[in-house]
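Asker: Got a structure for you, written out below as structure tokens; questions coming shortly.
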Amino acid sequence: MHILKYMAGLLAASGAFAAGTEARESAVRELDASNMHSWVDRQHLALVQFYAPWCLYCQALKPAYEKAAATLETDNVPLAKVDCTKNAALCDQVGIQGFPTMKVVLDGRFGIYNGSRQESGIVSYMRKHKGPPVKEVRAAEHSSFVKSDHVVVVGYFKNTLVMELGMLREVAKELIEDFTFGVVVDKNTAKKQKIPMPGIGVYTDYDGQMSVFSGKYTIDNIRRFVRSRSVPVLGELSARTFSTYSKASLPLGLVFYNSDESREALEKELLETAKEFRDKMSLALVDARTYWKHAVGLDLKTQWPAFAIQDIGQHTKYPMSQDKKLSAAGVRQFVVDYVAGRIPPHYKSQAIPETNNGDVFKLVAKQFNEVVFDASKDVLVLLHATWCIHCKRLMPVYQELGRLFANHSGIVVAQMEATMNDVPSNDPALEISGYPTIVLVRATNNEVVPYHGDRSLGSFTEFLRAHAAHPVNSHTNEVHKISANGPGYVVVPRQVSGFTPKDTRHVEL
């Protein structure tokens with residue numbers, strides 16, 4: 001009897017645990033074609049995840065998403081999800097290109113979610129969008145508020161009507177997804193923080209310090225100040241801190257070291273330079289023993305220490321010559337020349353071929369702009385990687401396409417090995433997210449038109465007929481049956497988070 005009671009107790013406890021688990025899971029609402037649009041229409045603020053059960057990134061996101069949903073219930077901010085394997089048409093309507101995709105719902109309309117995939121990041125992101133961009137902070141909550149996020153910006157003003165607060169609000173509207181903003185109108189609180197009114201302080205958790213704005217009050221100056229103070233002076237750039245440096249939206253001055261002794265010496269030598277140019281550039285130390293491939297990507301040799309400037313937003317890089325030993329004076333002068341605009345961007349490139357008489361023009365970075373942006377030509381460009389199996393399968397069809405248009409005076413069929421050549425353009429339409437990437441740069445206006453068709457010769461010719469500025473002859477119809485057995489696509493992994501393109505279906509990265 002005692003054993004039966006004991007087992008019954010275990011079963012009851014197990015059932016209670018399961019019920020608790022179900023309760024937690026039920027915090028995320030499951031949507032489908034029958035209820036999603038009506039549910040979205042009713043929401044002031046919500047978050048919807050579009051996923052596929054087989055996607056590893058979706059599986060990794062699930063625990064954090066569930067916990068965030070439970071936490072945000074007290075804020076009346078619901079989280080929902082849509083299984084795109086069961087609701088393919090619905091996901092296509094919303095424009096879902098891969099998994100997981102999260103979309104914010106604001107007043108019944110979908111918007112872009114730019115937050116992280118951690119529970120704290122999801123919660124912070126949604127709470128920021130619930131209230132005003134700049135929260136009024138009372139004296140009693142000041143201490144906890146300045147510790148509520150990695151970077152907290154607080155304005156200290158005599159009242160909420162001053163012009164300076166209006167400027168801070170404009171900056172907050174732009175940067176609210178990355179930082180937390182508040183305003184204090186209590187004189188005693190400002191006095192305790194040793195900040196004059198009007199004043200702005202940036203509180204950071206990486207060092208527990210507060211920086212005070214001292215420039216002229218303009219929106220640009222406030223924005224630049226907040227971004228530059230969001231990262232430490234000569235801090236450590238790693239996989240863990242990369243997102244923080246990216247959000248600062250400043251060029252990165254990367255100092256590569258390969259020993260603890262070297263790091264210590266470089267930190268001492270370059271600290272003043274890092275402070276001097278803090279508003280223009282974020283100097284950071286990078287361990288080459290771990291991140292040497294990043295240095296190679298910047299076209300540095302594996303010789304340490306080394307220095308390079310990288311502008312992530314502009315997709316440009318500026319490696320410092322390694323012909324001489326790295327010195328503090330040399331780095332400072334390189335930074336001075338960069339800030340003054342005296343250093344051109346560096347683009348990795350193969351040598352220009354001595355002959356280029358084939359049906360498909362072999363592009364390299366050194367002549368990319370000259371050929372591709374020739375306004376008298378329609379240029380179809382294949383950006384490929386030697387190791388990409390889908391690129392190899394495509395090549396016979398692409399070569400045939402080149403043969404077909406070899407004598408066309410207005411159309412050029414070109415290809416470039418994109419792992420050996422950088423694309424010397426910051427046009428988002430030319431950004432490579434995977435291989436092969438195929439685009440048409442139209443004659444006359446240089447408009448970039450991405451190619452999304454299948455890999456048959458007929459599809460390529462129809463694409464050119466529809467989008468090229470020059471006419472495509474009708475004789476191309478005869479080759480519509482030639483195919484590369486596509487489509488196939490190899491995704492370039494993203495640095496910050498994983499993403500599985502919808503078209504790959506069960507292919508995981």
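Residues in the structure tokens are named by chain (A, B, ... in the order shown) and by number from 1 within that chain; ligands are numbered from 1 in the order shown.
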Using backbone DSSP assignments, extract all strand (DSSP E) residues from range 27-165 of chain A; output them as a ChimeraX atom specification.
Answerer: /A:28-31,45-51,79-83,98-99,101-106,109-112,135-136,151-156
Asker: Pick the closest to Gln43 in chain A from A:Phe99, A:Phe307, A:Phe110, A:Tyr57: which is it, counting only C-alpha atoms?
Answerer: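 With only C-alpha atoms as the atom set, the closest residue is A:Phe110.
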Asker: Write out as a PDB file with N, CA, C and O atoms, in the first residue's frame the residues lying within 6 Å of range 69-84 of chain A, counting only C-alpha atoms and excluding same-chain residues fewer than 4 positions away.
Answerer:
```
ATOM      1  N   ALA A  27       2.361  29.931 -23.288  1.00  0.00           N
ATOM      2  CA  ALA A  27       2.556  31.377 -23.357  1.00  0.00           C
ATOM      3  C   ALA A  27       2.782  31.817 -24.798  1.00  0.00           C
ATOM      4  O   ALA A  27       2.547  32.974 -25.142  1.00  0.00           O
ATOM      5  N   VAL A  28       3.242  30.907 -25.651  1.00  0.00           N
ATOM      6  CA  VAL A  28       3.407  31.209 -27.072  1.00  0.00           C
ATOM      7  C   VAL A  28       2.162  30.741 -27.815  1.00  0.00           C
ATOM      8  O   VAL A  28       1.832  29.552 -27.808  1.00  0.00           O
ATOM      9  N   ARG A  29       1.506  31.642 -28.479  1.00  0.00           N
ATOM     10  CA  ARG A  29       0.271  31.319 -29.201  1.00  0.00           C
ATOM     11  C   ARG A  29       0.609  30.706 -30.567  1.00  0.00           C
ATOM     12  O   ARG A  29       1.422  31.254 -31.309  1.00  0.00           O
ATOM     13  N   GLU A  30      -0.009  29.588 -30.884  1.00  0.00           N
ATOM     14  CA  GLU A  30       0.187  28.942 -32.188  1.00  0.00           C
ATOM     15  C   GLU A  30      -0.826  29.518 -33.175  1.00  0.00           C
ATOM     16  O   GLU A  30      -2.041  29.450 -32.954  1.00  0.00           O
ATOM     17  N   LEU A  31      -0.311  30.091 -34.264  1.00  0.00           N
ATOM     18  CA  LEU A  31      -1.175  30.690 -35.277  1.00  0.00           C
ATOM     19  C   LEU A  31      -1.123  29.885 -36.566  1.00  0.00           C
ATOM     20  O   LEU A  31      -0.144  29.192 -36.842  1.00  0.00           O
ATOM     21  N   ALA A  46       3.220  43.020 -30.498  1.00  0.00           N
ATOM     22  CA  ALA A  46       3.379  41.569 -30.365  1.00  0.00           C
ATOM     23  C   ALA A  46       4.590  41.133 -31.188  1.00  0.00           C
ATOM     24  O   ALA A  46       5.184  41.921 -31.925  1.00  0.00           O
ATOM     25  N   LEU A  47       4.944  39.853 -31.051  1.00  0.00           N
ATOM     26  CA  LEU A  47       6.065  39.290 -31.803  1.00  0.00           C
ATOM     27  C   LEU A  47       5.631  37.930 -32.339  1.00  0.00           C
ATOM     28  O   LEU A  47       5.043  37.115 -31.600  1.00  0.00           O
ATOM     29  N   VAL A  48       5.916  37.684 -33.618  1.00  0.00           N
ATOM     30  CA  VAL A  48       5.542  36.418 -34.251  1.00  0.00           C
ATOM     31  C   VAL A  48       6.798  35.779 -34.845  1.00  0.00           C
ATOM     32  O   VAL A  48       7.549  36.430 -35.577  1.00  0.00           O
ATOM     33  N   GLN A  49       6.997  34.493 -34.520  1.00  0.00           N
ATOM     34  CA  GLN A  49       8.113  33.739 -35.077  1.00  0.00           C
ATOM     35  C   GLN A  49       7.591  32.803 -36.170  1.00  0.00           C
ATOM     36  O   GLN A  49       6.648  32.033 -35.938  1.00  0.00           O
ATOM     37  N   PHE A  50       8.213  32.865 -37.329  1.00  0.00           N
ATOM     38  CA  PHE A  50       7.893  31.954 -38.425  1.00  0.00           C
ATOM     39  C   PHE A  50       9.015  30.914 -38.471  1.00  0.00           C
ATOM     40  O   PHE A  50      10.186  31.274 -38.599  1.00  0.00           O
ATOM     41  N   TYR A  51       8.647  29.637 -38.367  1.00  0.00           N
ATOM     42  CA  TYR A  51       9.663  28.605 -38.159  1.00  0.00           C
ATOM     43  C   TYR A  51       9.337  27.339 -38.933  1.00  0.00           C
ATOM     44  O   TYR A  51       8.253  27.177 -39.509  1.00  0.00           O
ATOM     45  N   ALA A  52      10.332  26.439 -38.949  1.00  0.00           N
ATOM     46  CA  ALA A  52      10.148  25.082 -39.468  1.00  0.00           C
ATOM     47  C   ALA A  52      10.661  24.127 -38.397  1.00  0.00           C
ATOM     48  O   ALA A  52      11.766  24.326 -37.871  1.00  0.00           O
ATOM     49  N   ALA A  88       2.498  26.993 -45.609  1.00  0.00           N
ATOM     50  CA  ALA A  88       3.452  27.517 -46.599  1.00  0.00           C
ATOM     51  C   ALA A  88       2.907  28.749 -47.320  1.00  0.00           C
ATOM     52  O   ALA A  88       3.624  29.748 -47.501  1.00  0.00           O
ATOM     53  N   CYS A  91       2.980  31.827 -45.069  1.00  0.00           N
ATOM     54  CA  CYS A  91       4.335  32.358 -44.888  1.00  0.00           C
ATOM     55  C   CYS A  91       4.815  33.070 -46.148  1.00  0.00           C
ATOM     56  O   CYS A  91       5.537  34.071 -46.067  1.00  0.00           O
TER      57      CYS A  91
END
```
Asker: Which residues come within 9 Å of Ser116 in chain A, counting only C-alpha atoms, excluding same-chain residues fewer than 4 positions away, as an mmCIF file with C-alpha atoms, in the first residue's frame?
Answerer:
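Full text of around-v5.cif as output:
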```
data_model
loop_
_atom_site.group_PDB
_atom_site.id
_atom_site.type_symbol
_atom_site.label_atom_id
_atom_site.label_comp_id
_atom_site.auth_asym_id
_atom_site.auth_seq_id
_atom_site.Cartn_x
_atom_site.Cartn_y
_atom_site.Cartn_z
ATOM 1 C CA SER A 120 16.894 38.931 -22.251
ATOM 2 C CA GLY A 121 17.329 40.470 -25.706
ATOM 3 C CA ILE A 122 13.795 39.606 -26.810
ATOM 4 C CA TYR A 125 13.558 44.770 -27.324
ATOM 5 C CA SER A 497 23.105 34.465 -35.967
#
```
Asker: Could you name the residues that touch Ala295 in chain A at 9 Å or less, counting only C-alpha atoms, but leaving out those on the same chain fewer than 3 positions away, as a PDB file with C-alpha atoms, in the first residue's frame?
Answerer:
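Written out: result29.pdb:
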```
ATOM      1  CA  LEU A 254      41.504  46.189 -35.269  1.00  0.00           C
ATOM      2  CA  PHE A 256      45.745  41.831 -33.864  1.00  0.00           C
ATOM      3  CA  ALA A 288      44.954  36.444 -33.730  1.00  0.00           C
ATOM      4  CA  TYR A 291      40.556  35.082 -35.117  1.00  0.00           C
ATOM      5  CA  TRP A 292      43.402  34.865 -37.640  1.00  0.00           C
ATOM      6  CA  LEU A 298      41.056  41.829 -44.291  1.00  0.00           C
ATOM      7  CA  ASP A 299      43.979  40.874 -46.549  1.00  0.00           C
ATOM      8  CA  LEU A 300      46.536  40.865 -43.739  1.00  0.00           C
ATOM      9  CA  LYS A 301      49.376  38.374 -43.690  1.00  0.00           C
ATOM     10  CA  THR A 302      49.581  36.031 -40.694  1.00  0.00           C
ATOM     11  CA  ALA A 306      49.053  43.737 -37.316  1.00  0.00           C
ATOM     12  CA  PHE A 307      46.519  46.518 -37.817  1.00  0.00           C
ATOM     13  CA  ALA A 308      43.581  47.107 -40.149  1.00  0.00           C
ATOM     14  CA  PRO A 319      44.854  46.916 -44.068  1.00  0.00           C
TER      15      PRO A 319
END
```
Asker: Give the answer as one residue: which of A:Ile411, A:Val472, A:Met126, A:Ala466 has the shortest atom-to-atom distance to Leu106 in chain A, using only C-alpha atoms?
Answerer: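 The answer is A:Met126, which sits nearest to Leu106 in chain A.
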Asker: Tell me, which residues of range 113-164 of chain A carry DSSP helix (DSSP H, G or I), written as a list in words?
Answerer: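 Helix (DSSP H, G or I) assignments inside range 113-164 of chain A correspond to Glu119, Ser120, Gly121, Ile122, Val123, Ser124, Tyr125, Met126, Arg127, Lys128, His129, Lys130, Ala139, Ala140, Glu141, His142, Ser143, Ser144, Phe145, Met163 and Glu164 of chain A.
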Asker: Mind dumping the selected residues with N, CA and C atoms as a PDB file, in the first residue's frame?
Answerer:
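Done, and the output landed in selection19.pdb:
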```pdb
ATOM      1  N   GLU A 119      16.758  35.302 -24.505  1.00  0.00           N
ATOM      2  CA  GLU A 119      15.561  35.691 -23.759  1.00  0.00           C
ATOM      3  C   GLU A 119      15.630  37.156 -23.333  1.00  0.00           C
ATOM      4  N   SER A 120      16.766  37.557 -22.741  1.00  0.00           N
ATOM      5  CA  SER A 120      16.894  38.931 -22.251  1.00  0.00           C
ATOM      6  C   SER A 120      16.795  39.933 -23.392  1.00  0.00           C
ATOM      7  N   GLY A 121      17.376  39.567 -24.562  1.00  0.00           N
ATOM      8  CA  GLY A 121      17.329  40.470 -25.706  1.00  0.00           C
ATOM      9  C   GLY A 121      15.926  40.643 -26.251  1.00  0.00           C
ATOM     10  N   ILE A 122      15.179  39.543 -26.328  1.00  0.00           N
ATOM     11  CA  ILE A 122      13.795  39.606 -26.810  1.00  0.00           C
ATOM     12  C   ILE A 122      12.948  40.456 -25.868  1.00  0.00           C
ATOM     13  N   VAL A 123      13.092  40.205 -24.567  1.00  0.00           N
ATOM     14  CA  VAL A 123      12.308  40.942 -23.568  1.00  0.00           C
ATOM     15  C   VAL A 123      12.645  42.428 -23.609  1.00  0.00           C
ATOM     16  N   SER A 124      13.948  42.738 -23.635  1.00  0.00           N
ATOM     17  CA  SER A 124      14.374  44.137 -23.662  1.00  0.00           C
ATOM     18  C   SER A 124      13.858  44.838 -24.906  1.00  0.00           C
ATOM     19  N   TYR A 125      13.979  44.182 -26.051  1.00  0.00           N
ATOM     20  CA  TYR A 125      13.558  44.770 -27.324  1.00  0.00           C
ATOM     21  C   TYR A 125      12.064  45.105 -27.304  1.00  0.00           C
ATOM     22  N   MET A 126      11.256  44.170 -26.849  1.00  0.00           N
ATOM     23  CA  MET A 126       9.807  44.384 -26.871  1.00  0.00           C
ATOM     24  C   MET A 126       9.382  45.423 -25.839  1.00  0.00           C
ATOM     25  N   ARG A 127      10.021  45.443 -24.684  1.00  0.00           N
ATOM     26  CA  ARG A 127       9.673  46.434 -23.667  1.00  0.00           C
ATOM     27  C   ARG A 127      10.016  47.848 -24.139  1.00  0.00           C
ATOM     28  N   LYS A 128      11.130  47.983 -24.873  1.00  0.00           N
ATOM     29  CA  LYS A 128      11.502  49.290 -25.385  1.00  0.00           C
ATOM     30  C   LYS A 128      10.438  49.829 -26.340  1.00  0.00           C
ATOM     31  N   HIS A 129       9.848  48.931 -27.125  1.00  0.00           N
ATOM     32  CA  HIS A 129       8.855  49.363 -28.100  1.00  0.00           C
ATOM     33  C   HIS A 129       7.474  49.580 -27.482  1.00  0.00           C
ATOM     34  N   LYS A 130       7.311  49.176 -26.235  1.00  0.00           N
ATOM     35  CA  LYS A 130       6.008  49.328 -25.590  1.00  0.00           C
ATOM     36  C   LYS A 130       5.788  50.765 -25.131  1.00  0.00           C
ATOM     37  N   ALA A 139      13.418  59.876  -9.266  1.00  0.00           N
ATOM     38  CA  ALA A 139      14.630  59.787  -8.443  1.00  0.00           C
ATOM     39  C   ALA A 139      14.762  58.418  -7.786  1.00  0.00           C
ATOM     40  N   ALA A 140      13.656  57.848  -7.335  1.00  0.00           N
ATOM     41  CA  ALA A 140      13.697  56.580  -6.614  1.00  0.00           C
ATOM     42  C   ALA A 140      14.110  55.411  -7.496  1.00  0.00           C
ATOM     43  N   GLU A 141      13.873  55.494  -8.797  1.00  0.00           N
ATOM     44  CA  GLU A 141      14.198  54.382  -9.698  1.00  0.00           C
ATOM     45  C   GLU A 141      15.452  54.619 -10.524  1.00  0.00           C
ATOM     46  N   HIS A 142      16.135  55.747 -10.276  1.00  0.00           N
ATOM     47  CA  HIS A 142      17.305  56.097 -11.083  1.00  0.00           C
ATOM     48  C   HIS A 142      18.393  55.039 -11.015  1.00  0.00           C
ATOM     49  N   SER A 143      18.701  54.578  -9.806  1.00  0.00           N
ATOM     50  CA  SER A 143      19.794  53.621  -9.605  1.00  0.00           C
ATOM     51  C   SER A 143      19.569  52.332 -10.379  1.00  0.00           C
ATOM     52  N   SER A 144      18.353  51.811 -10.361  1.00  0.00           N
ATOM     53  CA  SER A 144      18.062  50.565 -11.071  1.00  0.00           C
ATOM     54  C   SER A 144      17.954  50.806 -12.582  1.00  0.00           C
ATOM     55  N   PHE A 145      17.472  51.984 -12.964  1.00  0.00           N
ATOM     56  CA  PHE A 145      17.287  52.262 -14.393  1.00  0.00           C
ATOM     57  C   PHE A 145      18.623  52.301 -15.126  1.00  0.00           C
ATOM     58  N   MET A 163      14.610  72.257 -25.619  1.00  0.00           N
ATOM     59  CA  MET A 163      15.004  71.889 -26.970  1.00  0.00           C
ATOM     60  C   MET A 163      15.962  70.685 -26.971  1.00  0.00           C
ATOM     61  N   GLU A 164      16.875  70.623 -25.994  1.00  0.00           N
ATOM     62  CA  GLU A 164      17.859  69.550 -25.941  1.00  0.00           C
ATOM     63  C   GLU A 164      17.200  68.180 -25.777  1.00  0.00           C
TER      64      GLU A 164
END
```
Asker: Please compute the CA of Ala89 in chain A-CA of Ser459 in chain A distance, one decimal, in Å.
Answerer: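 Separating CA of Ala89 in chain A from CA of Ser459 in chain A is a distance of 24.0 Å.
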Asker: State, in Å with one decimal place, the distance from CA of Ala265 in chain A to CA of Ser282 in chain A.
Answerer: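 Separation between CA of Ala265 in chain A and CA of Ser282 in chain A: 18.5 Å.
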Asker: What does the distance from CA of Ala239 in chain A to CA of Val286 in chain A come to in Å, to one decimal?
Answerer: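 One can read the CA of Ala239 in chain A to CA of Val286 in chain A distance as 10.3 Å.
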Asker: Would you kindly return, as a list in words, each protein, DNA or RNA residue with an atom no farther than 6 Å from any atom of range 132-135 of chain A, considering only C-alpha atoms and excluding same-chain residues fewer than 5 positions away?
Answerer: Ala172, Lys173, Phe181 and Gly182 of chain A
Asker: Counting only C-alpha atoms, figure out which residue out of A:Leu175, A:Ala274, A:Val154, A:Leu168 gets nearest to Gly115 in chain A.
Answerer: A:Leu175
Asker: Just want the 10 Å neighbourhood of Phe405 in chain A, counted on only C-alpha atoms, with same-chain residues fewer than 2 positions away dropped. Output as JSON, numbers by chain.
Answerer: {"A": [359, 360, 400, 401, 402, 403, 407, 408, 409, 410, 411, 412, 413, 461, 472, 473, 476]}
